[in-house]
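Heads up: the structure comes next, in structure tokens.
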Amino acid sequence: MSDHADRMKKELVQAFLTEARNQVETILANLVQLESADDATKTALIEQTFREMHNLKGSAKGVGYRTISALCHPLEDLLSSLKRNQLSLSEELIECLISSVVGLEKFIDNPDLELSPAEMESEKAKFASF
């Protein structure tokens, strides 16, 4: 790659990482608020959280961070199910989502980390009971 292309790639990655940290911060704040929100607020928080997770997943894939994207996918699926009222919101689910998003931060702080296929399946299995 040329120096210009390298510089552009670094800027793109840096912009992604900055935005990803902001998205995770918003997602975590929303998840915490869900525990005590009224029904109308819950609906809005779930919608915003879903959008943030969807955007994070797509942006990660766009800059080549497949592990981050893959970890976002089951979280996005759960949020989608909540959004469509196919899943009931519970304290256990909120705690699982929070824990997974906190775990996701490790990969945003170290985006070149990867999970083995077995580790990825283990992460996805956390959501099987929902």
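The chains in the structure tokens are called A, B, ... from first to last as shown; in each chain the residues are counted from 1, and the ligands are counted from 1 in the order shown.
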
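Taking only C-alpha atoms, the non-local environment of A:Ser59 within 9 Å (same-chain residues fewer than 5 positions away omitted) comprises Phe16, Ala20, His54, Gly64, Tyr65 and Ser69 of chain A.
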
Selected residues, C-alpha atoms, written as a tab-separated table (two decimals), in the first residue's frame, please.
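The file below, result_30.tsv, is the result:
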```
chain	number	residue	atom	x	y	z
A	16	PHE	CA	-14.13	3.38	13.88
A	20	ALA	CA	-17.23	2.08	18.67
A	54	HIS	CA	-26.45	-2.90	14.38
A	64	GLY	CA	-12.20	-5.82	8.78
A	65	TYR	CA	-12.72	-6.55	12.48
A	69	SER	CA	-18.78	-7.99	14.17
```

Just want the 10 Å neighbourhood of A:Cys72, counted on only C-alpha atoms, with same-chain residues fewer than 6 positions away dropped. Output as a compact mmCIF listing (two decimals) with all heavy atoms, in the first residue's frame.
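This went into selection-v5.txt:
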```
# COMPACT_ATOMS: atom_id res chain seq x y z
N MET A 53 -26.13 -1.22 18.21
CA MET A 53 -25.48 -2.52 18.04
C MET A 53 -25.39 -2.88 16.56
O MET A 53 -24.35 -3.38 16.10
CB MET A 53 -26.24 -3.60 18.81
CG MET A 53 -25.54 -4.95 18.82
SD MET A 53 -23.91 -4.93 19.63
CE MET A 53 -24.39 -4.65 21.34
N HIS A 54 -26.44 -2.62 15.82
CA HIS A 54 -26.45 -2.90 14.38
C HIS A 54 -25.35 -2.10 13.67
O HIS A 54 -24.60 -2.64 12.84
CB HIS A 54 -27.82 -2.56 13.81
CG HIS A 54 -27.91 -2.73 12.33
ND1 HIS A 54 -28.03 -3.97 11.73
CD2 HIS A 54 -27.90 -1.82 11.33
CE1 HIS A 54 -28.07 -3.81 10.42
NE2 HIS A 54 -27.99 -2.51 10.14
N ASN A 55 -25.25 -0.83 14.00
CA ASN A 55 -24.23 0.02 13.39
C ASN A 55 -22.82 -0.41 13.78
O ASN A 55 -21.91 -0.40 12.95
CB ASN A 55 -24.46 1.49 13.76
CG ASN A 55 -25.69 2.06 13.11
OD1 ASN A 55 -26.18 1.54 12.11
ND2 ASN A 55 -26.22 3.12 13.68
N LEU A 56 -22.64 -0.78 15.04
CA LEU A 56 -21.34 -1.26 15.50
C LEU A 56 -20.94 -2.52 14.75
O LEU A 56 -19.81 -2.65 14.27
CB LEU A 56 -21.36 -1.51 17.01
CG LEU A 56 -20.10 -2.07 17.65
CD1 LEU A 56 -18.90 -1.18 17.40
CD2 LEU A 56 -20.33 -2.26 19.15
N LYS A 57 -21.88 -3.45 14.62
CA LYS A 57 -21.62 -4.70 13.89
C LYS A 57 -21.20 -4.41 12.45
O LYS A 57 -20.19 -4.93 11.97
CB LYS A 57 -22.86 -5.58 13.92
CG LYS A 57 -22.68 -6.91 13.18
CD LYS A 57 -23.99 -7.63 13.01
CE LYS A 57 -24.71 -6.99 11.85
NZ LYS A 57 -25.92 -7.68 11.43
N GLY A 58 -21.95 -3.58 11.77
CA GLY A 58 -21.65 -3.28 10.37
C GLY A 58 -20.36 -2.52 10.18
O GLY A 58 -19.58 -2.81 9.27
N ALA A 60 -17.76 -2.56 12.20
CA ALA A 60 -16.63 -3.46 12.50
C ALA A 60 -16.32 -4.34 11.28
O ALA A 60 -15.16 -4.52 10.91
CB ALA A 60 -16.96 -4.32 13.71
N ARG A 66 -13.67 -8.71 12.06
CA ARG A 66 -14.70 -9.73 12.00
C ARG A 66 -15.08 -10.28 13.37
O ARG A 66 -16.24 -10.63 13.59
CB ARG A 66 -14.28 -10.86 11.07
CG ARG A 66 -14.14 -10.41 9.63
CD ARG A 66 -13.69 -11.55 8.72
NE ARG A 66 -13.31 -11.03 7.44
CZ ARG A 66 -14.11 -11.02 6.39
NH1 ARG A 66 -15.32 -11.48 6.49
NH2 ARG A 66 -13.68 -10.54 5.24
N SER A 100 -21.93 -9.11 28.27
CA SER A 100 -21.39 -9.34 26.92
C SER A 100 -20.85 -8.07 26.29
O SER A 100 -19.83 -8.10 25.62
CB SER A 100 -22.48 -9.95 26.04
OG SER A 100 -22.83 -11.23 26.53
N VAL A 101 -21.54 -6.96 26.52
CA VAL A 101 -21.06 -5.69 25.97
C VAL A 101 -19.76 -5.26 26.66
O VAL A 101 -18.84 -4.79 26.00
CB VAL A 101 -22.15 -4.60 26.06
CG1 VAL A 101 -21.61 -3.24 25.64
CG2 VAL A 101 -23.36 -4.98 25.20
N LEU A 104 -17.15 -7.17 25.10
CA LEU A 104 -16.88 -6.65 23.76
C LEU A 104 -15.87 -5.51 23.80
O LEU A 104 -15.07 -5.34 22.87
CB LEU A 104 -18.20 -6.17 23.15
CG LEU A 104 -18.26 -5.73 21.72
CD1 LEU A 104 -17.82 -6.84 20.78
CD2 LEU A 104 -19.67 -5.29 21.38
N LYS A 124 -21.53 -17.42 21.88
CA LYS A 124 -22.90 -17.48 21.35
C LYS A 124 -23.80 -18.33 22.24
O LYS A 124 -24.99 -18.05 22.36
CB LYS A 124 -22.89 -18.02 19.93
CG LYS A 124 -22.27 -17.08 18.92
CD LYS A 124 -22.25 -17.69 17.54
CE LYS A 124 -21.58 -16.79 16.54
NZ LYS A 124 -21.51 -17.37 15.21
```

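Nearest residue to A:Val24 among A:Ser99, A:Ser88, A:Ser81, A:Ser116 is A:Ser99, counting only C-alpha atoms.
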
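One finds atom CA of A:Ile27 at 8.5 Å from atom CA of A:Ile98.
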
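A straight line drawn from atom CA of A:Thr67 to atom CA of A:Ile46 is 23.5 Å long.
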
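Residues in contact range of A:Lys42, defined as at most 12 Å between only C-alpha atoms, with sequence neighbours fewer than 4 positions away removed, read Asn30, Leu31, Val32, Gln33, Leu34, Glu35, Ser36, Ala37, Asp38, Ile46, Glu47, Gln48, Thr49, Phe50, Leu79, Leu82, Lys83, Asn85, Ser88, Leu89, Ser90 and Ile94 of chain A.
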
Those residues you just picked out, can you put them in a file as a PDB file, in the first residue's frame with N, CA, C and O atoms?
```
ATOM      1  N   ASN A  30     -27.912   2.626  28.120  1.00  0.00           N
ATOM      2  CA  ASN A  30     -29.291   2.241  27.822  1.00  0.00           C
ATOM      3  C   ASN A  30     -29.695   0.970  28.554  1.00  0.00           C
ATOM      4  O   ASN A  30     -30.811   0.872  29.082  1.00  0.00           O
ATOM      5  N   LEU A  31     -28.803  -0.014  28.575  1.00  0.00           N
ATOM      6  CA  LEU A  31     -29.114  -1.273  29.244  1.00  0.00           C
ATOM      7  C   LEU A  31     -29.336  -1.066  30.744  1.00  0.00           C
ATOM      8  O   LEU A  31     -30.248  -1.656  31.332  1.00  0.00           O
ATOM      9  N   VAL A  32     -28.534  -0.224  31.353  1.00  0.00           N
ATOM     10  CA  VAL A  32     -28.702   0.075  32.774  1.00  0.00           C
ATOM     11  C   VAL A  32     -30.043   0.776  33.006  1.00  0.00           C
ATOM     12  O   VAL A  32     -30.766   0.459  33.952  1.00  0.00           O
ATOM     13  N   GLN A  33     -30.390   1.703  32.135  1.00  0.00           N
ATOM     14  CA  GLN A  33     -31.659   2.428  32.272  1.00  0.00           C
ATOM     15  C   GLN A  33     -32.876   1.532  32.085  1.00  0.00           C
ATOM     16  O   GLN A  33     -33.940   1.803  32.656  1.00  0.00           O
ATOM     17  N   LEU A  34     -32.736   0.468  31.309  1.00  0.00           N
ATOM     18  CA  LEU A  34     -33.866  -0.431  31.058  1.00  0.00           C
ATOM     19  C   LEU A  34     -34.447  -1.020  32.340  1.00  0.00           C
ATOM     20  O   LEU A  34     -35.649  -1.279  32.420  1.00  0.00           O
ATOM     21  N   GLU A  35     -33.586  -1.233  33.312  1.00  0.00           N
ATOM     22  CA  GLU A  35     -34.024  -1.885  34.548  1.00  0.00           C
ATOM     23  C   GLU A  35     -35.103  -1.097  35.277  1.00  0.00           C
ATOM     24  O   GLU A  35     -35.955  -1.694  35.934  1.00  0.00           O
ATOM     25  N   SER A  36     -35.093   0.216  35.153  1.00  0.00           N
ATOM     26  CA  SER A  36     -36.046   1.025  35.915  1.00  0.00           C
ATOM     27  C   SER A  36     -36.954   1.898  35.045  1.00  0.00           C
ATOM     28  O   SER A  36     -37.718   2.694  35.567  1.00  0.00           O
ATOM     29  N   ALA A  37     -36.905   1.723  33.739  1.00  0.00           N
ATOM     30  CA  ALA A  37     -37.670   2.584  32.829  1.00  0.00           C
ATOM     31  C   ALA A  37     -39.129   2.149  32.743  1.00  0.00           C
ATOM     32  O   ALA A  37     -39.457   0.974  32.920  1.00  0.00           O
ATOM     33  N   ASP A  38     -39.995   3.126  32.432  1.00  0.00           N
ATOM     34  CA  ASP A  38     -41.394   2.792  32.164  1.00  0.00           C
ATOM     35  C   ASP A  38     -41.486   2.165  30.768  1.00  0.00           C
ATOM     36  O   ASP A  38     -40.509   2.155  30.012  1.00  0.00           O
ATOM     37  N   ILE A  46     -34.745   0.267  23.825  1.00  0.00           N
ATOM     38  CA  ILE A  46     -34.469  -0.965  23.079  1.00  0.00           C
ATOM     39  C   ILE A  46     -34.209  -0.635  21.615  1.00  0.00           C
ATOM     40  O   ILE A  46     -33.261  -1.152  21.009  1.00  0.00           O
ATOM     41  N   GLU A  47     -35.007   0.241  21.027  1.00  0.00           N
ATOM     42  CA  GLU A  47     -34.821   0.632  19.625  1.00  0.00           C
ATOM     43  C   GLU A  47     -33.459   1.297  19.419  1.00  0.00           C
ATOM     44  O   GLU A  47     -32.725   0.950  18.492  1.00  0.00           O
ATOM     45  N   GLN A  48     -33.115   2.237  20.284  1.00  0.00           N
ATOM     46  CA  GLN A  48     -31.830   2.923  20.148  1.00  0.00           C
ATOM     47  C   GLN A  48     -30.668   1.958  20.358  1.00  0.00           C
ATOM     48  O   GLN A  48     -29.669   2.002  19.630  1.00  0.00           O
ATOM     49  N   THR A  49     -30.796   1.069  21.324  1.00  0.00           N
ATOM     50  CA  THR A  49     -29.733   0.102  21.613  1.00  0.00           C
ATOM     51  C   THR A  49     -29.554  -0.850  20.434  1.00  0.00           C
ATOM     52  O   THR A  49     -28.427  -1.159  20.041  1.00  0.00           O
ATOM     53  N   PHE A  50     -30.662  -1.290  19.863  1.00  0.00           N
ATOM     54  CA  PHE A  50     -30.599  -2.147  18.673  1.00  0.00           C
ATOM     55  C   PHE A  50     -29.855  -1.428  17.544  1.00  0.00           C
ATOM     56  O   PHE A  50     -28.964  -1.996  16.914  1.00  0.00           O
ATOM     57  N   LEU A  79     -31.616  -8.173  20.787  1.00  0.00           N
ATOM     58  CA  LEU A  79     -32.252  -6.854  20.800  1.00  0.00           C
ATOM     59  C   LEU A  79     -33.376  -6.775  19.774  1.00  0.00           C
ATOM     60  O   LEU A  79     -34.424  -6.181  20.028  1.00  0.00           O
ATOM     61  N   LEU A  82     -36.311  -8.536  21.261  1.00  0.00           N
ATOM     62  CA  LEU A  82     -36.944  -7.656  22.257  1.00  0.00           C
ATOM     63  C   LEU A  82     -37.790  -6.595  21.559  1.00  0.00           C
ATOM     64  O   LEU A  82     -38.918  -6.313  21.960  1.00  0.00           O
ATOM     65  N   LYS A  83     -37.241  -6.025  20.529  1.00  0.00           N
ATOM     66  CA  LYS A  83     -37.900  -4.956  19.784  1.00  0.00           C
ATOM     67  C   LYS A  83     -39.221  -5.436  19.183  1.00  0.00           C
ATOM     68  O   LYS A  83     -40.209  -4.706  19.170  1.00  0.00           O
ATOM     69  N   ASN A  85     -41.036  -7.796  20.400  1.00  0.00           N
ATOM     70  CA  ASN A  85     -41.811  -8.427  21.477  1.00  0.00           C
ATOM     71  C   ASN A  85     -41.854  -9.950  21.368  1.00  0.00           C
ATOM     72  O   ASN A  85     -42.826 -10.587  21.768  1.00  0.00           O
ATOM     73  N   SER A  88     -39.159 -11.571  26.253  1.00  0.00           N
ATOM     74  CA  SER A  88     -39.491 -10.718  27.398  1.00  0.00           C
ATOM     75  C   SER A  88     -38.225 -10.187  28.045  1.00  0.00           C
ATOM     76  O   SER A  88     -37.244 -10.922  28.202  1.00  0.00           O
ATOM     77  N   LEU A  89     -38.287  -8.953  28.419  1.00  0.00           N
ATOM     78  CA  LEU A  89     -37.162  -8.324  29.104  1.00  0.00           C
ATOM     79  C   LEU A  89     -37.125  -8.827  30.538  1.00  0.00           C
ATOM     80  O   LEU A  89     -38.140  -8.827  31.234  1.00  0.00           O
ATOM     81  N   SER A  90     -35.977  -9.283  30.960  1.00  0.00           N
ATOM     82  CA  SER A  90     -35.807  -9.761  32.330  1.00  0.00           C
ATOM     83  C   SER A  90     -34.491  -9.233  32.884  1.00  0.00           C
ATOM     84  O   SER A  90     -33.606  -8.826  32.132  1.00  0.00           O
ATOM     85  N   ILE A  94     -30.916  -8.641  30.864  1.00  0.00           N
ATOM     86  CA  ILE A  94     -30.183  -7.373  30.923  1.00  0.00           C
ATOM     87  C   ILE A  94     -28.767  -7.609  31.434  1.00  0.00           C
ATOM     88  O   ILE A  94     -27.800  -7.102  30.864  1.00  0.00           O
TER      89      ILE A  94
END
```

Handout entry: All alpha helix (DSSP H) residues (DSSP, backbone) inside stretch 27-126 of chain A, as a VMD selection string
Key = chain A and resid 27 to 34 39 to 62 66 to 83 91 to 109 117 to 125

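With only C-alpha atoms as the basis for measurement, A:Glu123 is the residue among A:Glu105, A:Asp6, A:Glu123, A:Asp39 that approaches A:Leu75 most closely.
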
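Shortest atom-to-atom contact with A:Pro117 among A:Gly103, A:Ser129, A:Leu71, A:Arg84: A:Leu71, counting only C-alpha atoms.
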
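What separates atom CA of A:Ser80 from atom CA of A:Glu25 is a distance of 19.3 Å.
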